[in-house]
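Okay, structure24.pdb is below, PDB, C-alpha atoms, pLDDT in the B column:
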```
ATOM      1  CA  MET P   1      37.591 107.124 104.688  1.00 45.00           C
ATOM      2  CA  ARG P   2      39.857 105.837 107.450  1.00 47.00           C
ATOM      3  CA  GLN P   3      40.628 102.151 107.573  1.00 48.00           C
ATOM      4  CA  THR P   4      42.070 100.343 110.556  1.00 46.00           C
ATOM      5  CA  GLY P   5      42.026  96.795 109.246  1.00 42.00           C
ATOM      6  CA  ARG P   6      44.106  94.764 106.870  1.00 40.00           C
ATOM      7  CA  ASP P   7      44.891  97.590 104.418  1.00 43.00           C
ATOM      8  CA  GLN P   8      46.760  99.524 107.086  1.00 40.00           C
ATOM      9  CA  ASP P   9      48.210  96.430 108.737  1.00 40.00           C
ATOM     10  CA  GLU P  10      49.844  95.208 105.521  1.00 37.00           C
ATOM     11  CA  SER P  11      52.114  98.260 105.548  1.00 37.00           C
ATOM     12  CA  MET P  12      53.479  97.334 108.971  1.00 34.00           C
ATOM     13  CA  THR P  13      56.527  95.093 108.758  1.00 30.00           C
ATOM     14  CA  ARG P  14      57.414  95.062 112.445  1.00 38.00           C
ATOM     15  CA  LEU P  15      56.434  96.645 115.724  1.00 36.00           C
ATOM     16  CA  PRO P  16      58.761  98.963 117.645  1.00 39.00           C
ATOM     17  CA  GLU P  17      60.599  97.534 120.629  1.00 43.00           C
ATOM     18  CA  ASN P  18      59.626 100.559 122.734  1.00 43.00           C
ATOM     19  CA  PRO P  19      56.368 102.393 122.034  1.00 43.00           C
ATOM     20  CA  VAL P  20      56.574 106.091 121.191  1.00 45.00           C
ATOM     21  CA  SER P  21      56.081 108.173 124.311  1.00 47.00           C
ATOM     22  CA  HIS P  22      52.725 109.924 124.588  1.00 49.00           C
ATOM     23  CA  PRO P  23      52.062 111.363 128.042  1.00 43.00           C
ATOM     24  CA  GLN P  24      48.296 111.734 127.607  1.00 75.00           C
ATOM     25  CA  LYS P  25      45.742 108.986 127.836  1.00 92.00           C
ATOM     26  CA  PHE P  26      43.814 108.395 124.650  1.00 96.00           C
ATOM     27  CA  PRO P  27      40.048 109.046 124.915  1.00 97.00           C
ATOM     28  CA  ALA P  28      38.205 105.851 124.036  1.00 98.00           C
ATOM     29  CA  VAL P  29      34.779 104.314 123.586  1.00 98.00           C
ATOM     30  CA  LEU P  30      34.539 100.560 124.188  1.00 98.00           C
ATOM     31  CA  LEU P  31      32.285  98.364 122.056  1.00 97.00           C
ATOM     32  CA  PHE P  32      31.457  95.324 124.114  1.00 95.00           C
ATOM     33  CA  GLY P  33      29.386  92.172 123.790  1.00 95.00           C
ATOM     34  CA  MET P  34      29.317  88.463 123.031  1.00 93.00           C
ATOM     35  CA  PRO P  35      30.476  87.085 119.664  1.00 91.00           C
ATOM     36  CA  GLY P  36      28.129  87.937 116.823  1.00 92.00           C
ATOM     37  CA  VAL P  37      26.463  91.058 118.230  1.00 95.00           C
ATOM     38  CA  GLY P  38      28.036  93.306 115.596  1.00 94.00           C
ATOM     39  CA  LYS P  39      30.954  94.998 117.360  1.00 95.00           C
ATOM     40  CA  GLY P  40      33.127  94.903 114.240  1.00 93.00           C
ATOM     41  CA  THR P  41      30.361  96.171 111.969  1.00 95.00           C
ATOM     42  CA  GLN P  42      29.469  99.073 114.224  1.00 97.00           C
ATOM     43  CA  GLY P  43      33.120  99.855 114.927  1.00 96.00           C
ATOM     44  CA  THR P  44      33.770 100.113 111.200  1.00 96.00           C
ATOM     45  CA  LEU P  45      30.760 102.402 110.726  1.00 97.00           C
ATOM     46  CA  LEU P  46      31.817 104.670 113.580  1.00 97.00           C
ATOM     47  CA  GLY P  47      35.378 104.705 112.282  1.00 96.00           C
ATOM     48  CA  THR P  48      34.247 106.360 109.050  1.00 95.00           C
ATOM     49  CA  MET P  49      33.100 109.427 110.977  1.00 96.00           C
ATOM     50  CA  ASN P  50      35.290 112.467 111.518  1.00 94.00           C
ATOM     51  CA  GLY P  51      36.706 112.485 115.025  1.00 96.00           C
ATOM     52  CA  MET P  52      36.466 108.700 115.496  1.00 97.00           C
ATOM     53  CA  PHE P  53      39.176 106.070 114.957  1.00 97.00           C
ATOM     54  CA  HIS P  54      38.223 102.386 114.969  1.00 97.00           C
ATOM     55  CA  VAL P  55      40.741  99.883 116.334  1.00 96.00           C
ATOM     56  CA  SER P  56      40.009  96.178 115.865  1.00 94.00           C
ATOM     57  CA  THR P  57      42.375  93.972 117.853  1.00 91.00           C
ATOM     58  CA  GLY P  58      41.414  91.001 115.692  1.00 86.00           C
ATOM     59  CA  ALA P  59      42.387  92.908 112.550  1.00 90.00           C
ATOM     60  CA  ILE P  60      45.698  93.886 114.138  1.00 91.00           C
ATOM     61  CA  PHE P  61      46.495  90.230 114.884  1.00 87.00           C
ATOM     62  CA  ARG P  62      45.463  89.085 111.412  1.00 83.00           C
ATOM     63  CA  GLY P  63      47.633  91.777 109.854  1.00 86.00           C
ATOM     64  CA  LEU P  64      50.831  90.760 111.648  1.00 86.00           C
ATOM     65  CA  ASP P  65      53.615  89.536 109.396  1.00 83.00           C
ATOM     66  CA  GLU P  66      53.516  85.741 109.714  1.00 81.00           C
ATOM     67  CA  ASN P  67      57.282  85.645 109.213  1.00 81.00           C
ATOM     68  CA  SER P  68      57.970  87.880 112.228  1.00 83.00           C
ATOM     69  CA  GLU P  69      58.519  86.416 115.687  1.00 80.00           C
ATOM     70  CA  GLN P  70      55.362  88.020 117.076  1.00 81.00           C
ATOM     71  CA  GLY P  71      53.369  87.087 113.991  1.00 82.00           C
ATOM     72  CA  ARG P  72      54.366  83.428 114.226  1.00 84.00           C
ATOM     73  CA  GLU P  73      53.470  83.279 117.908  1.00 82.00           C
ATOM     74  CA  ILE P  74      50.107  85.009 117.500  1.00 81.00           C
ATOM     75  CA  HIS P  75      49.024  82.996 114.456  1.00 77.00           C
ATOM     76  CA  ALA P  76      50.103  79.728 116.093  1.00 80.00           C
ATOM     77  CA  ARG P  77      48.024  80.494 119.190  1.00 75.00           C
ATOM     78  CA  ILE P  78      44.997  81.503 117.132  1.00 70.00           C
ATOM     79  CA  ASP P  79      45.267  78.348 115.016  1.00 70.00           C
ATOM     80  CA  ARG P  80      45.319  76.266 118.214  1.00 71.00           C
ATOM     81  CA  GLY P  81      42.285  78.123 119.537  1.00 63.00           C
ATOM     82  CA  GLU P  82      44.301  79.623 122.391  1.00 71.00           C
ATOM     83  CA  LEU P  83      44.021  83.122 123.823  1.00 73.00           C
ATOM     84  CA  VAL P  84      46.899  85.525 123.317  1.00 82.00           C
ATOM     85  CA  PRO P  85      48.533  86.444 126.684  1.00 89.00           C
ATOM     86  CA  ASP P  86      47.189  89.703 128.087  1.00 93.00           C
ATOM     87  CA  ASP P  87      50.486  91.557 128.326  1.00 92.00           C
ATOM     88  CA  LEU P  88      51.413  90.585 124.763  1.00 90.00           C
ATOM     89  CA  THR P  89      47.985  91.644 123.505  1.00 92.00           C
ATOM     90  CA  VAL P  90      48.299  95.109 125.034  1.00 94.00           C
ATOM     91  CA  ARG P  91      51.902  95.483 123.885  1.00 92.00           C
ATOM     92  CA  ILE P  92      51.024  94.644 120.278  1.00 92.00           C
ATOM     93  CA  TRP P  93      47.938  96.872 120.423  1.00 95.00           C
ATOM     94  CA  ARG P  94      49.953  99.819 121.720  1.00 95.00           C
ATOM     95  CA  GLY P  95      52.767  99.254 119.241  1.00 92.00           C
ATOM     96  CA  TRP P  96      50.290  99.221 116.351  1.00 94.00           C
ATOM     97  CA  LEU P  97      48.651 102.391 117.647  1.00 95.00           C
ATOM     98  CA  ASP P  98      52.009 104.150 117.796  1.00 95.00           C
ATOM     99  CA  GLU P  99      52.565 103.119 114.183  1.00 94.00           C
ATOM    100  CA  GLN P 100      49.302 104.818 113.238  1.00 96.00           C
ATOM    101  CA  ILE P 101      50.277 107.989 115.083  1.00 96.00           C
ATOM    102  CA  ALA P 102      53.694 108.081 113.430  1.00 96.00           C
ATOM    103  CA  ALA P 103      52.062 107.652 110.005  1.00 96.00           C
ATOM    104  CA  GLY P 104      49.523 110.396 110.703  1.00 95.00           C
ATOM    105  CA  ARG P 105      46.553 108.053 110.422  1.00 95.00           C
ATOM    106  CA  TYR P 106      45.496 108.584 114.032  1.00 96.00           C
ATOM    107  CA  VAL P 107      45.640 112.015 115.674  1.00 94.00           C
ATOM    108  CA  PRO P 108      45.047 111.604 119.438  1.00 93.00           C
ATOM    109  CA  GLN P 109      44.331 115.292 119.999  1.00 91.00           C
ATOM    110  CA  GLN P 110      41.493 115.231 117.468  1.00 93.00           C
ATOM    111  CA  GLU P 111      40.059 111.710 117.524  1.00 96.00           C
ATOM    112  CA  THR P 112      38.382 109.317 119.936  1.00 97.00           C
ATOM    113  CA  LEU P 113      39.326 105.648 119.784  1.00 98.00           C
ATOM    114  CA  VAL P 114      36.585 103.100 119.154  1.00 98.00           C
ATOM    115  CA  LEU P 115      37.961  99.910 120.691  1.00 97.00           C
ATOM    116  CA  ASP P 116      36.681  96.564 119.424  1.00 95.00           C
ATOM    117  CA  GLY P 117      38.090  93.345 120.893  1.00 92.00           C
ATOM    118  CA  ILE P 118      40.015  94.898 123.780  1.00 95.00           C
ATOM    119  CA  PRO P 119      39.838  94.680 126.760  1.00 96.00           C
ATOM    120  CA  ARG P 120      38.715  91.046 126.875  1.00 92.00           C
ATOM    121  CA  ASN P 121      39.149  90.566 130.617  1.00 94.00           C
ATOM    122  CA  VAL P 122      39.784  92.471 133.831  1.00 96.00           C
ATOM    123  CA  THR P 123      43.549  91.997 133.586  1.00 96.00           C
ATOM    124  CA  GLN P 124      43.550  93.770 130.236  1.00 96.00           C
ATOM    125  CA  CYS P 125      41.430  96.546 131.768  1.00 97.00           C
ATOM    126  CA  ARG P 126      44.166  97.131 134.328  1.00 97.00           C
ATOM    127  CA  LEU P 127      46.910  97.011 131.709  1.00 97.00           C
ATOM    128  CA  LEU P 128      45.065  99.594 129.601  1.00 97.00           C
ATOM    129  CA  GLU P 129      44.617 102.081 132.427  1.00 95.00           C
ATOM    130  CA  ASP P 130      47.874 103.862 131.592  1.00 93.00           C
ATOM    131  CA  HIS P 131      46.907 104.140 127.926  1.00 95.00           C
ATOM    132  CA  VAL P 132      43.231 105.032 127.620  1.00 97.00           C
ATOM    133  CA  ASP P 133      40.628 107.248 129.236  1.00 97.00           C
ATOM    134  CA  VAL P 134      37.366 105.314 128.874  1.00 97.00           C
ATOM    135  CA  LEU P 135      34.528 107.734 128.107  1.00 98.00           C
ATOM    136  CA  CYS P 136      31.779 105.116 127.858  1.00 97.00           C
ATOM    137  CA  VAL P 137      31.195 101.398 127.384  1.00 98.00           C
ATOM    138  CA  ILE P 138      28.588 100.395 124.809  1.00 98.00           C
ATOM    139  CA  HIS P 139      27.282  96.957 125.780  1.00 98.00           C
ATOM    140  CA  LEU P 140      25.552  95.283 122.827  1.00 97.00           C
ATOM    141  CA  ALA P 141      23.263  92.742 124.488  1.00 96.00           C
ATOM    142  CA  PRO P 142      20.196  90.985 123.030  1.00 95.00           C
ATOM    143  CA  GLU P 143      17.341  89.864 125.266  1.00 94.00           C
ATOM    144  CA  SER P 144      17.852  86.303 123.998  1.00 94.00           C
ATOM    145  CA  ASP P 145      20.869  84.429 122.632  1.00 95.00           C
ATOM    146  CA  ASP P 146      18.809  82.723 119.926  1.00 95.00           C
ATOM    147  CA  PRO P 147      18.884  85.513 117.278  1.00 94.00           C
ATOM    148  CA  ILE P 148      22.669  85.784 117.641  1.00 94.00           C
ATOM    149  CA  VAL P 149      23.061  82.000 117.329  1.00 94.00           C
ATOM    150  CA  ASP P 150      21.062  82.137 114.094  1.00 92.00           C
ATOM    151  CA  ARG P 151      23.158  85.055 112.840  1.00 91.00           C
ATOM    152  CA  LEU P 152      26.451  83.258 113.534  1.00 91.00           C
ATOM    153  CA  ARG P 153      25.251  80.006 111.931  1.00 91.00           C
ATOM    154  CA  LYS P 154      24.183  81.811 108.769  1.00 88.00           C
ATOM    155  CA  ARG P 155      27.438  83.749 108.621  1.00 86.00           C
ATOM    156  CA  ALA P 156      29.490  80.590 109.117  1.00 85.00           C
ATOM    157  CA  LEU P 157      27.638  78.775 106.325  1.00 84.00           C
ATOM    158  CA  MET P 158      28.083  81.727 103.953  1.00 85.00           C
ATOM    159  CA  GLU P 159      31.821  81.792 104.703  1.00 79.00           C
ATOM    160  CA  GLY P 160      32.189  78.001 104.466  1.00 76.00           C
ATOM    161  CA  ARG P 161      33.145  77.598 108.129  1.00 68.00           C
ATOM    162  CA  SER P 162      31.112  74.497 109.012  1.00 66.00           C
ATOM    163  CA  ASP P 163      32.581  74.134 112.514  1.00 61.00           C
ATOM    164  CA  ASP P 164      31.374  77.605 113.486  1.00 70.00           C
ATOM    165  CA  ALA P 165      27.893  76.670 112.273  1.00 78.00           C
ATOM    166  CA  ASP P 166      27.572  74.116 115.089  1.00 85.00           C
ATOM    167  CA  GLU P 167      25.080  75.502 117.615  1.00 88.00           C
ATOM    168  CA  ALA P 168      26.735  73.690 120.520  1.00 89.00           C
ATOM    169  CA  ILE P 169      30.080  75.322 119.723  1.00 85.00           C
ATOM    170  CA  ILE P 170      28.468  78.743 119.423  1.00 88.00           C
ATOM    171  CA  ARG P 171      26.700  78.416 122.767  1.00 91.00           C
ATOM    172  CA  ARG P 172      29.937  77.235 124.383  1.00 88.00           C
ATOM    173  CA  ARG P 173      31.597  80.424 123.114  1.00 88.00           C
ATOM    174  CA  PHE P 174      28.824  82.389 124.822  1.00 92.00           C
ATOM    175  CA  GLU P 175      29.507  80.541 128.090  1.00 91.00           C
ATOM    176  CA  ILE P 176      33.210  81.375 127.881  1.00 88.00           C
ATOM    177  CA  TYR P 177      32.352  85.000 127.142  1.00 91.00           C
ATOM    178  CA  ARG P 178      30.136  85.241 130.223  1.00 93.00           C
ATOM    179  CA  GLU P 179      32.726  83.561 132.419  1.00 92.00           C
ATOM    180  CA  LYS P 180      35.892  85.302 131.203  1.00 90.00           C
ATOM    181  CA  THR P 181      34.877  88.522 129.477  1.00 92.00           C
ATOM    182  CA  GLU P 182      31.600  89.813 130.885  1.00 94.00           C
ATOM    183  CA  PRO P 183      33.227  90.794 134.239  1.00 95.00           C
ATOM    184  CA  VAL P 184      34.784  93.715 132.317  1.00 95.00           C
ATOM    185  CA  LEU P 185      31.364  95.384 132.550  1.00 96.00           C
ATOM    186  CA  HIS P 186      31.725  95.548 136.331  1.00 96.00           C
ATOM    187  CA  TYR P 187      35.258  96.945 136.236  1.00 97.00           C
ATOM    188  CA  TYR P 188      34.252 100.394 134.992  1.00 97.00           C
ATOM    189  CA  PRO P 189      31.993 102.860 136.842  1.00 97.00           C
ATOM    190  CA  GLN P 190      28.426 101.822 136.108  1.00 96.00           C
ATOM    191  CA  GLU P 191      27.468 105.299 134.956  1.00 97.00           C
ATOM    192  CA  LEU P 192      29.801 104.734 131.987  1.00 97.00           C
ATOM    193  CA  VAL P 193      28.205 101.403 130.983  1.00 98.00           C
ATOM    194  CA  HIS P 194      25.220 101.524 128.631  1.00 98.00           C
ATOM    195  CA  THR P 195      23.355  98.448 127.369  1.00 97.00           C
ATOM    196  CA  ILE P 196      21.615  98.604 123.990  1.00 97.00           C
ATOM    197  CA  ASN P 197      19.746  96.194 121.741  1.00 96.00           C
ATOM    198  CA  PRO P 198      22.067  94.986 118.922  1.00 96.00           C
ATOM    199  CA  LEU P 199      19.190  93.806 116.719  1.00 96.00           C
ATOM    200  CA  GLY P 200      17.820  95.890 113.857  1.00 95.00           C
ATOM    201  CA  THR P 201      19.295  97.591 110.829  1.00 96.00           C
ATOM    202  CA  GLN P 202      22.876  98.808 110.915  1.00 96.00           C
ATOM    203  CA  MET P 203      21.690 102.414 110.879  1.00 96.00           C
ATOM    204  CA  GLU P 204      19.225 101.841 113.721  1.00 97.00           C
ATOM    205  CA  ILE P 205      21.950 100.331 115.896  1.00 97.00           C
ATOM    206  CA  LYS P 206      24.407 103.073 114.953  1.00 97.00           C
ATOM    207  CA  LYS P 207      21.820 105.678 115.993  1.00 97.00           C
ATOM    208  CA  ARG P 208      21.415 104.003 119.396  1.00 97.00           C
ATOM    209  CA  ILE P 209      25.181 104.028 119.880  1.00 98.00           C
ATOM    210  CA  LEU P 210      25.618 107.654 118.805  1.00 97.00           C
ATOM    211  CA  GLU P 211      22.918 108.805 121.205  1.00 98.00           C
ATOM    212  CA  LEU P 212      25.246 107.624 123.982  1.00 97.00           C
ATOM    213  CA  VAL P 213      28.651 108.323 122.459  1.00 97.00           C
ATOM    214  CA  ILE P 214      28.017 111.933 121.380  1.00 97.00           C
ATOM    215  CA  PRO P 215      27.314 113.316 124.885  1.00 97.00           C
ATOM    216  CA  ALA P 216      30.214 111.308 126.364  1.00 97.00           C
ATOM    217  CA  VAL P 217      32.689 112.698 123.804  1.00 96.00           C
ATOM    218  CA  ARG P 218      31.271 116.220 124.110  1.00 95.00           C
ATOM    219  CA  SER P 219      31.599 116.130 127.891  1.00 94.00           C
ATOM    220  CA  HIS P 220      35.218 114.986 127.602  1.00 93.00           C
ATOM    221  CA  GLN P 221      36.053 117.747 125.111  1.00 91.00           C
ATOM    222  CA  GLN P 222      34.470 120.411 127.302  1.00 91.00           C
ATOM    223  CA  ALA P 223      36.333 119.139 130.359  1.00 87.00           C
ATOM    224  CA  GLY P 224      39.644 119.086 128.472  1.00 71.00           C
TER     225      GLY P 224
END
```
How does the structure come out when it is put into structure tokens?
Amino acid sequence: MRQTGRDQDESMTRLPENPVSHPQKFPAVLLFGMPGVGKGTQGTLLGTMNGMFHVSTGAIFRGLDENSEQGREIHARIDRGELVPDDLTVRIWRGWLDEQIAAGRYVPQQETLVLDGIPRNVTQCRLLEDHVDVLCVIHLAPESDDPIVDRLRKRALMEGRSDDADEAIIRRRFEIYREKTEPVLHYYPQELVHTINPLGTQMEIKKRILELVIPAVRSHQQAG
């Protein structure tokens, strides 16, 4: 089973100054939605399948060596609740991906990226254009925010994160998402954007995603 989280990140001591040259764009599926809709869970499930490679930007950041210059900067920003600059985010993401290619963990010619946590805004969309070929965007969107608020509060209490259990804070995060991140949905051609219900069992949601991802990947393979 492939892992793209902390286990792989711990083996990375530093990122290359200049990413390895790969002329092709990497085929990618974007998992998109507000906090708590299950992007990480579904990305992990998809990443266990042959031909799919899950990339969590949050896991990449958490796995950075805290003693490195980039690690200190990223962790300091996260601790202050600040966003990581867009160009730095994409540079770290691409450097990590090149590490995976060099180690043989990701084979671009055989696997489709499942991106979770990037792009977070339109600027990042533009910065990623030279790196990825977006096959489809899976928008995980509930009809109401309330079930996701309940999910996040329960998760925060289970993990002992009392601040994240505050409903006002959660709803403010949703407002920021809609203001800063949701415009990404309008950046890509609308025929690539598919909205699904993120509520249900993990397998039910995975089935909904696969019903959209499979034809998109197949079409790309046939065209290539």
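At a cut-off of 12 Å from (45.0, 97.8, 131.8), the residue set is P:Lys25, P:Asp86, P:Asp87, P:Leu88, P:Thr89, P:Val90, P:Arg91, P:Trp93, P:Arg94, P:Ile118, P:Pro119, P:Arg120, P:Asn121, P:Val122, P:Thr123, P:Gln124, P:Cys125, P:Arg126, P:Leu127, P:Leu128, P:Glu129, P:Asp130, P:His131, P:Val132, P:Asp133, P:Val134, P:Val184, P:Tyr187, P:Tyr188 (counting only C-alpha atoms).
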### the PyMOL selection byres ((chain P and resi 38) around 12) applied to the shown file, residues as a ChimeraX atom specification
/P:31-37,39-45,116-117,138-142,148,151-152,155,196-202,205-206,209
### Task
For atom CA of P:Met49 and atom CA of P:Arg62, determine how far apart the two atoms are, in Å to one decimal place.
23.8 Å
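The nearest approach to P:Ile214 among the residues P:Ile101, P:Ala165, P:Val84, P:Cys136, with only C-alpha atoms taken into account, belongs to P:Cys136.
Counting from atom CA of P:Glu175, the distance to atom CA of P:Arg77 is 20.5 Å.
Of the listed residues P:Ile92, P:Pro85, P:Asp79, P:Gln70, the one whose atoms come nearest to P:Ser56 is P:Ile92, with distances taken using only C-alpha atoms.
From atom CA of P:Ser144 back to atom CA of P:Ile176, the distance works out to 16.6 Å.
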### Message
Which residues are near P:Ser219? Cut-off 12 Å, all atoms listed in the file, ignore same chain within fewer than 6 positions. Put them as an MDAnalysis selection string.
### Response
chainID P and resid 27 135:136 212:213
